[in-house]
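*Asks:* Data: coords.tsv, TSV, N, CA, C and O atoms.
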```tsv
chain	number	residue	atom	x	y	z
U	243	MET	N	23.57	0.49	-8.49
U	243	MET	CA	24.22	-0.81	-8.44
U	243	MET	C	23.33	-1.87	-7.79
U	243	MET	O	23.79	-2.93	-7.46
U	244	TYR	N	22.05	-1.54	-7.61
U	244	TYR	CA	21.15	-2.52	-6.99
U	244	TYR	C	20.91	-3.72	-7.88
U	244	TYR	O	20.50	-4.77	-7.39
U	245	PHE	N	21.13	-3.60	-9.16
U	245	PHE	CA	20.90	-4.74	-10.04
U	245	PHE	C	21.91	-5.87	-9.80
U	245	PHE	O	21.68	-6.99	-10.21
U	246	LEU	N	23.00	-5.59	-9.10
U	246	LEU	CA	23.97	-6.64	-8.77
U	246	LEU	C	23.51	-7.54	-7.63
U	246	LEU	O	24.11	-8.58	-7.39
U	247	PHE	N	22.43	-7.16	-6.94
U	247	PHE	CA	21.92	-8.00	-5.87
U	247	PHE	C	21.39	-9.33	-6.39
U	247	PHE	O	21.25	-10.28	-5.63
U	248	GLY	N	21.09	-9.43	-7.68
U	248	GLY	CA	20.63	-10.68	-8.25
U	248	GLY	C	21.67	-11.78	-8.22
U	248	GLY	O	21.34	-12.96	-8.29
U	249	LEU	N	22.93	-11.42	-8.10
U	249	LEU	CA	23.98	-12.44	-8.04
U	249	LEU	C	24.05	-13.12	-6.68
U	249	LEU	O	24.55	-14.22	-6.57
U	250	VAL	N	23.56	-12.46	-5.65
U	250	VAL	CA	23.64	-13.01	-4.30
U	250	VAL	C	22.58	-14.10	-4.10
U	250	VAL	O	22.81	-15.05	-3.37
U	251	TYR	N	21.46	-13.97	-4.75
U	251	TYR	CA	20.37	-14.93	-4.61
U	251	TYR	C	20.78	-16.22	-5.30
U	251	TYR	O	20.90	-16.29	-6.52
U	252	ASP	N	21.02	-17.27	-4.53
U	252	ASP	CA	21.62	-18.49	-5.09
U	252	ASP	C	20.63	-19.64	-5.29
U	252	ASP	O	21.04	-20.77	-5.45
U	253	ARG	N	19.35	-19.37	-5.32
U	253	ARG	CA	18.38	-20.45	-5.52
U	253	ARG	C	18.02	-20.64	-7.00
U	253	ARG	O	17.17	-21.45	-7.32
U	254	ARG	N	18.62	-19.88	-7.84
U	254	ARG	CA	18.44	-20.03	-9.29
U	254	ARG	C	19.80	-20.29	-9.93
U	254	ARG	O	20.85	-20.05	-9.34
U	255	SER	N	19.79	-20.74	-11.16
U	255	SER	CA	21.04	-21.09	-11.83
U	255	SER	C	21.91	-19.86	-12.05
U	255	SER	O	21.43	-18.74	-12.19
U	256	ARG	N	23.20	-20.09	-12.08
U	256	ARG	CA	24.17	-19.00	-12.19
U	256	ARG	C	24.05	-18.26	-13.52
U	256	ARG	O	24.11	-17.04	-13.58
U	257	LEU	N	23.87	-18.99	-14.62
U	257	LEU	CA	23.77	-18.35	-15.93
U	257	LEU	C	22.52	-17.47	-16.02
U	257	LEU	O	22.57	-16.37	-16.57
U	258	PHE	N	21.41	-17.94	-15.46
U	258	PHE	CA	20.19	-17.14	-15.44
U	258	PHE	C	20.43	-15.83	-14.69
U	258	PHE	O	20.05	-14.75	-15.15
U	259	ARG	N	21.07	-15.90	-13.53
U	259	ARG	CA	21.33	-14.70	-12.74
U	259	ARG	C	22.27	-13.75	-13.46
U	259	ARG	O	22.06	-12.54	-13.46
U	260	TRP	N	23.31	-14.27	-14.10
U	260	TRP	CA	24.25	-13.40	-14.82
U	260	TRP	C	23.59	-12.72	-16.02
U	260	TRP	O	23.86	-11.56	-16.32
U	261	LEU	N	22.73	-13.46	-16.73
U	261	LEU	CA	22.02	-12.86	-17.86
U	261	LEU	C	21.10	-11.73	-17.40
U	261	LEU	O	21.02	-10.68	-18.05
U	262	MET	N	20.42	-11.94	-16.28
U	262	MET	CA	19.54	-10.90	-15.77
U	262	MET	C	20.33	-9.67	-15.31
U	262	MET	O	19.94	-8.54	-15.59
U	263	VAL	N	21.44	-9.89	-14.65
U	263	VAL	CA	22.26	-8.77	-14.17
U	263	VAL	C	22.87	-8.01	-15.36
U	263	VAL	O	22.87	-6.78	-15.39
U	264	PHE	N	23.37	-8.74	-16.34
U	264	PHE	CA	23.96	-8.09	-17.51
U	264	PHE	C	22.90	-7.32	-18.30
U	264	PHE	O	23.15	-6.19	-18.77
U	265	ALA	N	21.72	-7.90	-18.44
U	265	ALA	CA	20.65	-7.22	-19.19
U	265	ALA	C	20.18	-5.97	-18.47
U	265	ALA	O	19.96	-4.93	-19.10
U	266	THR	N	20.03	-6.02	-17.16
U	266	THR	CA	19.60	-4.82	-16.45
U	266	THR	C	20.71	-3.77	-16.44
U	266	THR	O	20.41	-2.56	-16.46
U	267	GLY	N	21.96	-4.20	-16.43
U	267	GLY	CA	23.06	-3.24	-16.55
U	267	GLY	C	23.05	-2.55	-17.90
U	267	GLY	O	23.30	-1.34	-18.00
U	268	LEU	N	22.74	-3.31	-18.96
U	268	LEU	CA	22.61	-2.70	-20.29
U	268	LEU	C	21.44	-1.73	-20.35
U	268	LEU	O	21.52	-0.70	-21.01
U	269	PHE	N	20.37	-2.06	-19.64
U	269	PHE	CA	19.22	-1.16	-19.60
U	269	PHE	C	19.59	0.17	-18.94
U	269	PHE	O	19.24	1.24	-19.43
U	270	VAL	N	20.30	0.10	-17.83
U	270	VAL	CA	20.73	1.31	-17.14
U	270	VAL	C	21.68	2.11	-18.04
U	270	VAL	O	21.58	3.34	-18.14
U	271	PHE	N	22.60	1.43	-18.70
U	271	PHE	CA	23.54	2.09	-19.60
U	271	PHE	C	22.81	2.75	-20.77
U	271	PHE	O	23.09	3.90	-21.14
U	272	SER	N	21.83	2.05	-21.35
U	272	SER	CA	21.06	2.59	-22.46
U	272	SER	C	20.26	3.82	-22.03
U	272	SER	O	20.22	4.82	-22.75
U	273	ASP	N	19.64	3.75	-20.86
U	273	ASP	CA	18.88	4.90	-20.39
U	273	ASP	C	19.79	6.07	-20.05
U	273	ASP	O	19.41	7.23	-20.21
U	274	THR	N	21.00	5.79	-19.59
U	274	THR	CA	21.96	6.86	-19.34
U	274	THR	C	22.35	7.55	-20.65
U	274	THR	O	22.47	8.78	-20.71
U	275	LEU	N	22.54	6.76	-21.69
U	275	LEU	CA	22.85	7.35	-23.00
U	275	LEU	C	21.68	8.17	-23.53
U	275	LEU	O	21.89	9.24	-24.13
U	276	ILE	N	20.47	7.69	-23.32
U	276	ILE	CA	19.29	8.45	-23.76
U	276	ILE	C	19.21	9.78	-23.02
U	276	ILE	O	18.98	10.82	-23.62
U	277	GLY	N	19.41	9.74	-21.70
U	277	GLY	CA	19.37	10.97	-20.92
U	277	GLY	C	20.47	11.93	-21.31
U	277	GLY	O	20.26	13.15	-21.37
U	278	ASN	N	21.66	11.41	-21.60
U	278	ASN	CA	22.77	12.26	-22.00
U	278	ASN	C	22.53	12.87	-23.39
U	278	ASN	O	22.83	14.04	-23.62
U	279	SER	N	21.99	12.09	-24.30
U	279	SER	CA	21.75	12.63	-25.64
U	279	SER	C	20.60	13.64	-25.64
U	279	SER	O	20.57	14.53	-26.48
U	280	ARG	N	19.69	13.51	-24.69
U	280	ARG	CA	18.54	14.44	-24.64
U	280	ARG	C	18.84	15.69	-23.82
U	280	ARG	O	18.56	16.80	-24.23
U	281	TYR	N	19.43	15.49	-22.64
U	281	TYR	CA	19.62	16.60	-21.72
U	281	TYR	C	21.08	16.95	-21.45
U	281	TYR	O	21.36	17.90	-20.74
U	282	GLY	N	22.00	16.17	-21.97
U	282	GLY	CA	23.41	16.40	-21.70
U	282	GLY	C	23.99	17.56	-22.48
U	282	GLY	O	23.41	18.05	-23.45
U	283	THR	N	25.16	17.98	-22.06
U	283	THR	CA	25.83	19.09	-22.73
U	283	THR	C	26.73	18.62	-23.86
U	283	THR	O	27.12	19.42	-24.70
U	284	ILE	N	27.04	17.33	-23.91
U	284	ILE	CA	27.90	16.79	-24.96
U	284	ILE	C	27.02	16.47	-26.18
U	284	ILE	O	26.04	15.75	-26.08
U	285	GLU	N	27.38	17.00	-27.31
U	285	GLU	CA	26.61	16.79	-28.54
U	285	GLU	C	27.23	15.64	-29.35
U	285	GLU	O	28.00	15.85	-30.27
U	286	ILE	N	26.89	14.43	-28.98
U	286	ILE	CA	27.36	13.24	-29.68
U	286	ILE	C	26.13	12.46	-30.14
U	286	ILE	O	25.20	12.25	-29.38
U	287	ASN	N	26.13	12.02	-31.39
U	287	ASN	CA	25.03	11.23	-31.91
U	287	ASN	C	25.20	9.78	-31.46
U	287	ASN	O	26.05	9.05	-31.98
U	288	LEU	N	24.41	9.37	-30.49
U	288	LEU	CA	24.52	8.04	-29.91
U	288	LEU	C	23.34	7.13	-30.28
U	288	LEU	O	23.11	6.15	-29.60
U	289	ASN	N	22.63	7.45	-31.32
U	289	ASN	CA	21.42	6.70	-31.65
U	289	ASN	C	21.70	5.23	-31.95
U	289	ASN	O	20.94	4.36	-31.51
U	290	TYR	N	22.75	4.92	-32.67
U	290	TYR	CA	23.05	3.52	-32.99
U	290	TYR	C	23.44	2.74	-31.76
U	290	TYR	O	23.02	1.60	-31.56
U	291	LEU	N	24.24	3.33	-30.89
U	291	LEU	CA	24.65	2.65	-29.66
U	291	LEU	C	23.46	2.44	-28.74
U	291	LEU	O	23.34	1.38	-28.10
U	292	ILE	N	22.57	3.40	-28.67
U	292	ILE	CA	21.36	3.25	-27.86
U	292	ILE	C	20.51	2.11	-28.39
U	292	ILE	O	20.01	1.27	-27.64
U	293	ASP	N	20.34	2.05	-29.70
U	293	ASP	CA	19.53	0.99	-30.31
U	293	ASP	C	20.15	-0.39	-30.07
U	293	ASP	O	19.44	-1.35	-29.75
U	294	ILE	N	21.45	-0.50	-30.21
U	294	ILE	CA	22.12	-1.79	-30.03
U	294	ILE	C	21.99	-2.27	-28.60
U	294	ILE	O	21.67	-3.44	-28.34
U	295	THR	N	22.23	-1.40	-27.63
U	295	THR	CA	22.13	-1.81	-26.23
U	295	THR	C	20.70	-2.14	-25.85
U	295	THR	O	20.45	-3.07	-25.08
U	296	TYR	N	19.75	-1.42	-26.41
U	296	TYR	CA	18.34	-1.69	-26.10
U	296	TYR	C	17.90	-3.04	-26.67
U	296	TYR	O	17.25	-3.83	-25.98
U	297	VAL	N	18.26	-3.33	-27.90
U	297	VAL	CA	17.87	-4.60	-28.51
U	297	VAL	C	18.58	-5.77	-27.83
U	297	VAL	O	17.98	-6.82	-27.58
U	298	LEU	N	19.85	-5.60	-27.50
U	298	LEU	CA	20.57	-6.65	-26.78
U	298	LEU	C	19.97	-6.89	-25.40
U	298	LEU	O	19.86	-8.04	-24.95
U	299	ASN	N	19.53	-5.84	-24.75
U	299	ASN	CA	18.87	-5.98	-23.46
U	299	ASN	C	17.60	-6.79	-23.58
U	299	ASN	O	17.35	-7.71	-22.79
U	300	ILE	N	16.77	-6.48	-24.55
U	300	ILE	CA	15.52	-7.23	-24.75
U	300	ILE	C	15.81	-8.69	-25.08
U	300	ILE	O	15.15	-9.61	-24.58
U	301	PHE	N	16.82	-8.93	-25.90
U	301	PHE	CA	17.18	-10.30	-26.25
U	301	PHE	C	17.62	-11.09	-25.02
U	301	PHE	O	17.19	-12.23	-24.81
U	302	LEU	N	18.47	-10.51	-24.20
U	302	LEU	CA	18.96	-11.22	-23.01
U	302	LEU	C	17.86	-11.46	-22.00
U	302	LEU	O	17.77	-12.54	-21.40
U	303	LEU	N	17.01	-10.47	-21.78
U	303	LEU	CA	15.92	-10.66	-20.83
U	303	LEU	C	14.92	-11.72	-21.30
U	303	LEU	O	14.43	-12.51	-20.51
U	304	SER	N	14.65	-11.75	-22.59
U	304	SER	CA	13.68	-12.73	-23.09
U	304	SER	C	14.25	-14.14	-23.16
U	304	SER	O	13.50	-15.11	-23.07
U	305	HIS	N	15.55	-14.29	-23.29
U	305	HIS	CA	16.15	-15.60	-23.38
U	305	HIS	C	16.71	-16.12	-22.06
U	305	HIS	O	17.14	-17.27	-21.98
U	306	ALA	N	16.70	-15.30	-21.03
U	306	ALA	CA	17.20	-15.75	-19.73
U	306	ALA	C	16.35	-16.86	-19.15
U	306	ALA	O	16.86	-17.73	-18.43
U	307	ILE	N	15.07	-16.90	-19.47
U	307	ILE	CA	14.18	-17.93	-18.95
U	307	ILE	C	14.60	-19.33	-19.40
U	307	ILE	O	14.32	-20.32	-18.74
U	308	LEU	N	15.30	-19.41	-20.52
U	308	LEU	CA	15.76	-20.72	-21.01
U	308	LEU	C	16.77	-21.35	-20.08
U	308	LEU	O	16.96	-22.57	-20.08
U	309	PHE	N	17.43	-20.56	-19.26
U	309	PHE	CA	18.47	-21.05	-18.36
U	309	PHE	C	18.02	-21.05	-16.90
U	309	PHE	O	18.84	-21.24	-16.01
U	310	LEU	N	16.73	-20.84	-16.67
U	310	LEU	CA	16.21	-20.81	-15.32
U	310	LEU	C	16.12	-22.22	-14.76
U	310	LEU	O	15.47	-23.09	-15.32
U	311	ARG	N	16.79	-22.46	-13.65
U	311	ARG	CA	16.77	-23.74	-12.95
U	311	ARG	C	16.71	-23.45	-11.45
U	311	ARG	O	17.30	-22.49	-10.99
U	312	ASN	N	16.01	-24.30	-10.71
U	312	ASN	CA	16.03	-24.14	-9.27
U	312	ASN	C	17.20	-24.93	-8.68
U	312	ASN	O	18.03	-25.46	-9.42
U	313	GLU	N	17.25	-25.04	-7.36
U	313	GLU	CA	18.39	-25.72	-6.74
U	313	GLU	C	18.44	-27.21	-7.02
U	313	GLU	O	19.48	-27.85	-6.88
U	314	LEU	N	17.32	-27.78	-7.49
U	314	LEU	CA	17.30	-29.20	-7.86
U	314	LEU	C	17.59	-29.42	-9.34
U	314	LEU	O	17.63	-30.55	-9.80
U	315	GLY	N	17.76	-28.36	-10.09
U	315	GLY	CA	18.03	-28.47	-11.52
U	315	GLY	C	16.79	-28.57	-12.37
U	315	GLY	O	16.88	-28.86	-13.56
U	316	MET	N	15.62	-28.32	-11.80
U	316	MET	CA	14.37	-28.42	-12.53
U	316	MET	C	14.04	-27.10	-13.21
U	316	MET	O	14.36	-26.03	-12.69
U	317	THR	N	13.42	-27.17	-14.36
U	317	THR	CA	13.02	-25.98	-15.11
U	317	THR	C	11.53	-25.73	-14.94
U	317	THR	O	10.78	-26.67	-14.66
U	318	PRO	N	11.07	-24.51	-15.13
U	318	PRO	CA	9.63	-24.23	-14.99
U	318	PRO	C	8.83	-24.62	-16.23
U	318	PRO	O	7.61	-24.51	-16.23
U	319	TYR	N	9.49	-25.05	-17.27
U	319	TYR	CA	8.78	-25.41	-18.50
U	319	TYR	C	9.00	-26.89	-18.79
U	319	TYR	O	9.96	-27.49	-18.34
U	320	LYS	N	8.12	-27.45	-19.57
U	320	LYS	CA	8.20	-28.87	-19.89
U	320	LYS	C	9.23	-29.10	-20.98
U	320	LYS	O	9.21	-28.42	-22.01
U	321	THR	N	10.14	-30.02	-20.80
U	321	THR	CA	11.23	-30.23	-21.75
U	321	THR	C	11.03	-31.46	-22.62
U	321	THR	O	11.77	-31.66	-23.56
U	322	ALA	N	10.07	-32.30	-22.32
U	322	ALA	CA	9.91	-33.54	-23.08
U	322	ALA	C	8.86	-33.45	-24.13
U	322	ALA	O	8.04	-32.72	-24.29
```
Show me this structure written as structure tokens.
*Replies:*
Amino acid sequence: MYFLFGLVYDRRSRLFRWLMVFATGLFVFSDTLIGNSRYGTIEINLNYLIDITYVLNIFLLSHAILFLRNELGMTPYKTA
């Protein structure tokens, strides 16, 4: 549950923090599914769910930078 510590840090925008926390939670969930499908005792084909969570994780992590703002509302990239 250490990935929830990103919500406490309040010097970045709220949406950026939530996207990062949600994406890392999906990463943990996806890796748990991979471990269960490889080493678990339950024989369930989870390949599609693993792929969906992994791709959604990459999408959220790569697009979170678009919502990055500091406490003054400034972005790290040029907008004009």
*Asks:* Go ahead and compute the interatomic distance for atom CA of Asn299 of chain U and atom N of Arg256 of chain U, in Å to one decimal.
*Replies:* 18.6 Å
*Asks:* Show me, as number ranges by chain, the residues that have an atom within 12 Å of Leu275 of chain U when counting only C-alpha atoms, minus same-chain residues fewer than 5 positions from it.
*Replies:* U: 268-270, 280-282, 284-296
*Asks:* Enclose all atoms of segment 282-291 of chain U listed in the file in an axis-aligned box, grow every side by 5 Å, and hand back centre and edge lengths in Å to one decimal, as AutoDock Vina command-line options.
*Replies:*
```
--center_x 24.5 --center_y 10.4 --center_z -27.3 --size_x 17.1 --size_y 28.0 --size_z 21.3
```
*Asks:* Which residues come within 8 Å of Ser304 of chain U, counting only N, CA, C and O atoms, excluding same-chain residues fewer than 6 positions away, as a PDB file with N, CA, C and O atoms, in the frame of the given file?
*Replies:*
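Heads up, here's the output in part.pdb:
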```
ATOM      1  N   LEU U 261      22.730 -13.460 -16.730  1.00  0.00           N
ATOM      2  CA  LEU U 261      22.020 -12.860 -17.860  1.00  0.00           C
ATOM      3  C   LEU U 261      21.100 -11.730 -17.400  1.00  0.00           C
ATOM      4  O   LEU U 261      21.020 -10.680 -18.050  1.00  0.00           O
ATOM      5  N   VAL U 297      18.260  -3.330 -27.900  1.00  0.00           N
ATOM      6  CA  VAL U 297      17.870  -4.600 -28.510  1.00  0.00           C
ATOM      7  C   VAL U 297      18.580  -5.770 -27.830  1.00  0.00           C
ATOM      8  O   VAL U 297      17.980  -6.820 -27.580  1.00  0.00           O
ATOM      9  N   LEU U 298      19.850  -5.600 -27.500  1.00  0.00           N
ATOM     10  CA  LEU U 298      20.570  -6.650 -26.780  1.00  0.00           C
ATOM     11  C   LEU U 298      19.970  -6.890 -25.400  1.00  0.00           C
ATOM     12  O   LEU U 298      19.860  -8.040 -24.950  1.00  0.00           O
TER      13      LEU U 298
END
```
*Asks:* Closest to Arg253 of chain U among U:Pro318, U:Arg311, U:Asn278, U:Thr266, using all atoms listed in the file?
*Replies:*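 Looking only at the distances to Arg253 of chain U, the closest residue turns out to be U:Arg311.
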*Asks:* Quote the spacing between atom CA of Arg254 of chain U and atom CA of Leu302 of chain U in Å to one decimal place.
*Replies:*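 These atoms are spaced 16.3 Å apart.
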*Asks:* In Å to one decimal, how far is atom C of Asp252 of chain U from atom N of Ala265 of chain U?
*Replies:*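 Atom-to-atom, atom N of Ala265 of chain U and atom C of Asp252 of chain U are spaced 17.7 Å apart.
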*Asks:* From chain U, collect each residue whose DSSP state is helix (DSSP H, G or I) and return the set as a ChimeraX atom specification.
*Replies:* /U:244-249,256-281,289-309
*Asks:* Near Leu310 of chain U, counting all atoms listed in the file, which residues have an atom at most 7 Å away, once you skip same-chain residues fewer than 6 positions from it, shown as a list of chain:residue names?
*Replies:*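 Answer for this query is U:Arg254, U:Ser255, U:Leu257, U:Phe258, U:Met316, U:Thr317, U:Pro318, U:Tyr319.
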